[in-house]
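These notes are about the structure you will find just below.
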Amino acid sequence: MLQKLSIRNYALIDSVDLELDKGLNIITGETGAGKSIMLGALSLILGQRAETRYFFNQDKKCIIEGLFLVNDSLQAFFEENDIDFYKESILRREISTDGKSRAFINDTPVTLTIMKQVGEKLIDIHSQHATLEVNDPGFQLSVVDTLADHQSTLNNYHELYKSFKKKQQILSALENAASEARSKQDYEQFLFNELDSAALKADEQELLETELQMLNNAENIKRGLVNSHQLLSEQETAVLPILKEAILQLQGIEKFNADYTTLADRLRSVSIELKDIAQETVALEEGIVFNPARIEEITARLDLIYGLQQKHRVNNIEELLVIQDQLSNNLNDLLNSDEEIEKLLKEINQIKGRLTEQADFLSKNRSKAILLTEKQVGEILVQVGMPNARIKIEQTLLPDLNKDGKDQISLLFSANSGQAPAPVGKVASGGELSRLMLAIKSIMAKHTSLPTLIFDEIDTGISGETAVRVGEVIGDLENNMQVICITHLPQIAAKGNSHYFVYKNEQTNRTTTGIRKLESDERVAVIAEMLSGKTPGASAIKNAQELLGLN
């Protein structure tokens with residue numbers, strides 16, 4: 001419930017502080033005085049976007065603040081968004097001169113989206129232009145859902161449907177990726193098989209290249225080893241015999257000096273090492289075998305390796321093995337994606353099954369609510385002077401589930417006997433639309449926890465006895481919620497518990513808008529003026545008193 005509204009620097013308003021009461025609050029005033037300006041300001045703290053051209057003073061920022069009595073049902077929403085929850089909560093909007101806007105709830109900065117979401121749970125503004133809303137299939141469905149009283153199930157359905165659509169999007173992405181991967185699968189499988197069958201080893205290339213070089217040079221290597229052996233031990237001038245003779249010479253004189261003994265020992269050590277080398281050259285020479293078959297085998301293997309390196313544009317086996325691992329991973333990912341797709345399909349089908357069950361439940365509830373809606377709206381239409389009017393709500397089952405279930409709701413209207421119901425926008429006049437919308441809003445109000453409902457001049461096209469009856473219907477709403485009604489009809493204005501008058505104040509060549517609450521005698525005068533003009537006579541005053549129930 002809106003308890004206080006504070007407006008600073010908005011449109012024709014310099015400064016206004018308005019305290020509202022429970023029940024039916026009436027706002028009246030001269031045409032152009034600024035009644036709808038109040039709603040414009042209020043809409044800013046309900047999340048509507050702002051423009052600086054609406055500032056009263058372009059050099060000052062605009063501040064709109066509302067104090068609301070908040071239902072406990074909003075506490076969870078406040079906590080989810082890290083907003084302090086109070087039974088009396090303040091929504092504030094500040095718009096600076098450069099157009100930048102800031103929104104606050106209980107002094108906590110919030111986004112405009114959050115403020116709008118809170119506002120939608122606090123106030124429903126119904127203007128004369130909003131009667132067009134009755135043609136919207138989404139609104140028509142919401143009417144039936146409100147009377148079906150299955151909001152909890154509908155909320156669960158909405159959350160489940162979001163999950164369903166999200167998983168469908170993921171599935172589509174996976175299937176596209178898998179399809180693209182599958183188009184490469186045959187080629188990548190071929191490349192992998194080629195590398196896998198090659199059975200490559202990391203150090204293989206270097207070893208094969210070394211071995212091939214030795215095999216191709218076997219004759220030269222063998223000749224070199226033989227010659228080395230001969231030079232060491234077999235020729236007349238071979239190293240080892242000469243070294244042996246040198247050792248014998250030193251042994252003959254070593255008794256004369258210890259240094260000769262040392263030299264002889266060193267030569268003996270050299271002799272032993274050279275004998276080992278000579279023997280090793282023999283062993284190595286015997287191991288060298290010219291093997292054309294092995295050369296052919298190694299050459300073929302290296303050609304395979306070089307060919308794979310050229311195909312994959314790499315320089316060594318290590319890089320080929322990396323590519324082989326990548327191809328293996330790609331092929332495994334494709335297998336895994338098939339499993340993931342299958343698992344996701346199963347989850348989607350399970351969710352769809354649950355959605356179908358909930359949609360069936362919603363559909364059955366809607367069928368029952370349609371009868372109730374038609375009956376209750378018809379009764380109120382009789383109250384507001386349309387005894388022959390009726391609505392018919394058609395329920396069509398859709399082939400596929402959507403965000404609200406599987407129903408399509410169409411509201412048809414007939415204002416006169418013998419007239420077949422047809423789409424509202426094609427057959428209803430402005431006055432009929434206003435009364436139809438009032439009837440719909442009034443029955444919705446009895447089934448919702450929305451604390452405040454605002455009517456902005458929805459009495460267009462009606463007068464006389466019809467206006468009295470419309471006023472009675474609006475007055476009845478105060479039993480369920482706070483109602484704020486901007487009207488130009490005295491019959492409706494007289495139904496209010498509280499009456500506020502919007503006026504223009506022209507001072508210092510500047511027009512401003514103000515608003516004040518009327519006392520009892522002031523209400524008589526204002527309603528009398530609404531009945532007969534600026535200078536009401538005795539009959540108008542008496543009529544006003546009768547409307548207010550003062551006689």
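Labeling convention for the structure tokens: chains A, B, ... as they appear, residues from 1 per chain, ligands from 1 in order of appearance.
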### Task
Mind checking which residues fall within 10 Å of Gln383 (chain A), counting only C-alpha atoms, ignoring those fewer than 3 positions away in the same chain, and posting them as a ChimeraX atom specification?
/A:377-380,386-387,435,439,466,468-470,472-473
### Query
Any idea what's packed within 9 Å of region 526-528 of chain A, counting only C-alpha atoms, ignoring anything in its chain fewer than 6 positions away? Could you give it as a list in words?
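Near neighbours after the sequence-gap exclusion: Thr28, Gly29, Leu489, Pro490, Gln491, Ala493, Ala494, Phe501, Leu518, Lys534, Thr535, Pro536, Gly537, Ser539, Ala540, Ile541, Lys542, Asn543, Ala544, Gln545, Leu547 and Leu548 of chain A.
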Pull N, CA, C and O atoms from the residues just selected and write them as a JSON list (two decimals), in the first residue's frame.
```json
[["chain", "number", "residue", "atom", "x", "y", "z"],
["A", 28, "THR", "N", -9.12, 14.42, -8.01],
["A", 28, "THR", "CA", -9.82, 15.19, -9.03],
["A", 28, "THR", "C", -9.09, 16.52, -9.23],
["A", 28, "THR", "O", -8.19, 16.87, -8.47],
["A", 29, "GLY", "N", -9.53, 17.25, -10.23],
["A", 29, "GLY", "CA", -8.95, 18.55, -10.50],
["A", 29, "GLY", "C", -9.37, 19.02, -11.88],
["A", 29, "GLY", "O", -9.93, 18.26, -12.67],
["A", 489, "LEU", "N", -15.67, 12.28, -12.96],
["A", 489, "LEU", "CA", -17.09, 12.06, -12.72],
["A", 489, "LEU", "C", -17.42, 12.24, -11.24],
["A", 489, "LEU", "O", -16.84, 11.59, -10.38],
["A", 490, "PRO", "N", -18.37, 13.10, -10.92],
["A", 490, "PRO", "CA", -18.74, 13.33, -9.51],
["A", 490, "PRO", "C", -19.33, 12.07, -8.85],
["A", 490, "PRO", "O", -19.15, 11.87, -7.65],
["A", 491, "GLN", "N", -20.04, 11.25, -9.63],
["A", 491, "GLN", "CA", -20.64, 10.04, -9.06],
["A", 491, "GLN", "C", -19.56, 9.09, -8.51],
["A", 491, "GLN", "O", -19.77, 8.41, -7.51],
["A", 493, "ALA", "N", -16.31, 10.21, -7.78],
["A", 493, "ALA", "CA", -15.56, 10.97, -6.77],
["A", 493, "ALA", "C", -16.23, 10.89, -5.41],
["A", 493, "ALA", "O", -15.57, 10.85, -4.36],
["A", 494, "ALA", "N", -17.55, 10.82, -5.38],
["A", 494, "ALA", "CA", -18.27, 10.80, -4.11],
["A", 494, "ALA", "C", -18.11, 9.49, -3.36],
["A", 494, "ALA", "O", -18.41, 9.42, -2.16],
["A", 501, "PHE", "N", -7.43, 17.04, -4.18],
["A", 501, "PHE", "CA", -7.71, 17.97, -5.26],
["A", 501, "PHE", "C", -6.39, 18.50, -5.83],
["A", 501, "PHE", "O", -5.54, 19.02, -5.11],
["A", 518, "LEU", "N", -8.98, 17.21, 0.70],
["A", 518, "LEU", "CA", -10.17, 18.02, 0.95],
["A", 518, "LEU", "C", -10.86, 17.63, 2.25],
["A", 518, "LEU", "O", -10.95, 16.44, 2.59],
["A", 534, "LYS", "N", -18.18, 26.12, -12.50],
["A", 534, "LYS", "CA", -17.46, 26.91, -11.52],
["A", 534, "LYS", "C", -18.35, 27.55, -10.44],
["A", 534, "LYS", "O", -17.94, 27.69, -9.30],
["A", 535, "THR", "N", -19.53, 27.93, -10.79],
["A", 535, "THR", "CA", -20.42, 28.58, -9.80],
["A", 535, "THR", "C", -21.67, 27.73, -9.61],
["A", 535, "THR", "O", -22.73, 28.04, -10.18],
["A", 536, "PRO", "N", -21.55, 26.65, -8.83],
["A", 536, "PRO", "CA", -22.69, 25.74, -8.67],
["A", 536, "PRO", "C", -23.83, 26.40, -7.90],
["A", 536, "PRO", "O", -23.61, 27.15, -6.94],
["A", 537, "GLY", "N", -25.05, 26.07, -8.31],
["A", 537, "GLY", "CA", -26.21, 26.59, -7.60],
["A", 537, "GLY", "C", -26.59, 25.70, -6.43],
["A", 537, "GLY", "O", -25.92, 24.70, -6.13],
["A", 539, "SER", "N", -29.04, 23.65, -6.14],
["A", 539, "SER", "CA", -29.41, 22.28, -6.51],
["A", 539, "SER", "C", -28.17, 21.41, -6.70],
["A", 539, "SER", "O", -28.16, 20.23, -6.33],
["A", 540, "ALA", "N", -27.12, 21.99, -7.27],
["A", 540, "ALA", "CA", -25.88, 21.24, -7.47],
["A", 540, "ALA", "C", -25.24, 20.89, -6.13],
["A", 540, "ALA", "O", -24.73, 19.78, -5.92],
["A", 541, "ILE", "N", -25.28, 21.87, -5.21],
["A", 541, "ILE", "CA", -24.71, 21.61, -3.87],
["A", 541, "ILE", "C", -25.51, 20.53, -3.16],
["A", 541, "ILE", "O", -24.96, 19.63, -2.52],
["A", 542, "LYS", "N", -26.83, 20.60, -3.30],
["A", 542, "LYS", "CA", -27.68, 19.59, -2.67],
["A", 542, "LYS", "C", -27.41, 18.22, -3.28],
["A", 542, "LYS", "O", -27.33, 17.21, -2.56],
["A", 543, "ASN", "N", -27.27, 18.20, -4.59],
["A", 543, "ASN", "CA", -26.98, 16.94, -5.30],
["A", 543, "ASN", "C", -25.64, 16.36, -4.82],
["A", 543, "ASN", "O", -25.51, 15.17, -4.58],
["A", 544, "ALA", "N", -24.67, 17.27, -4.64],
["A", 544, "ALA", "CA", -23.35, 16.83, -4.17],
["A", 544, "ALA", "C", -23.45, 16.24, -2.76],
["A", 544, "ALA", "O", -22.83, 15.22, -2.45],
["A", 545, "GLN", "N", -24.23, 16.87, -1.92],
["A", 545, "GLN", "CA", -24.42, 16.36, -0.56],
["A", 545, "GLN", "C", -25.09, 14.99, -0.58],
["A", 545, "GLN", "O", -24.74, 14.10, 0.20],
["A", 547, "LEU", "N", -24.90, 12.81, -3.04],
["A", 547, "LEU", "CA", -23.92, 11.83, -3.52],
["A", 547, "LEU", "C", -22.96, 11.43, -2.39],
["A", 547, "LEU", "O", -22.54, 10.27, -2.31],
["A", 548, "LEU", "N", -22.63, 12.39, -1.53],
["A", 548, "LEU", "CA", -21.70, 12.11, -0.42],
["A", 548, "LEU", "C", -22.41, 11.48, 0.78],
["A", 548, "LEU", "O", -21.77, 11.14, 1.78]]
```
### Query
Leaving out Ala148 (chain A) and any residue of its chain fewer than 6 positions from it, which residues lie within 6 Å of it when counting only C-alpha atoms, given as number ranges by chain?
A: 365-366, 369
### Query
For the atom pair CA of Gln507 (chain A) and CA of Gly99 (chain A), what is the interatomic distance in Å to one decimal place?
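Interatomic distance here is 28.0 Å.
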### Message
Residues within 12 Å of Gln117 (chain A), please, as a count of residues only. Count only C-alpha atoms; anything in the same chain fewer than 3 positions from it doesn't count.
### Response
19
### Query
Can you tell me how far CA of Ile391 (chain A) sits from CA of Ser434 (chain A), in Å to one decimal?
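Computing the Euclidean distance for CA of Ile391 (chain A) and CA of Ser434 (chain A) yields 14.3 Å.
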### Query
Which is closest to Gly66 (chain A) among A:Gly224, A:Gly496, A:Gly418, A:Gly119, if we use only C-alpha atoms?
A:Gly119
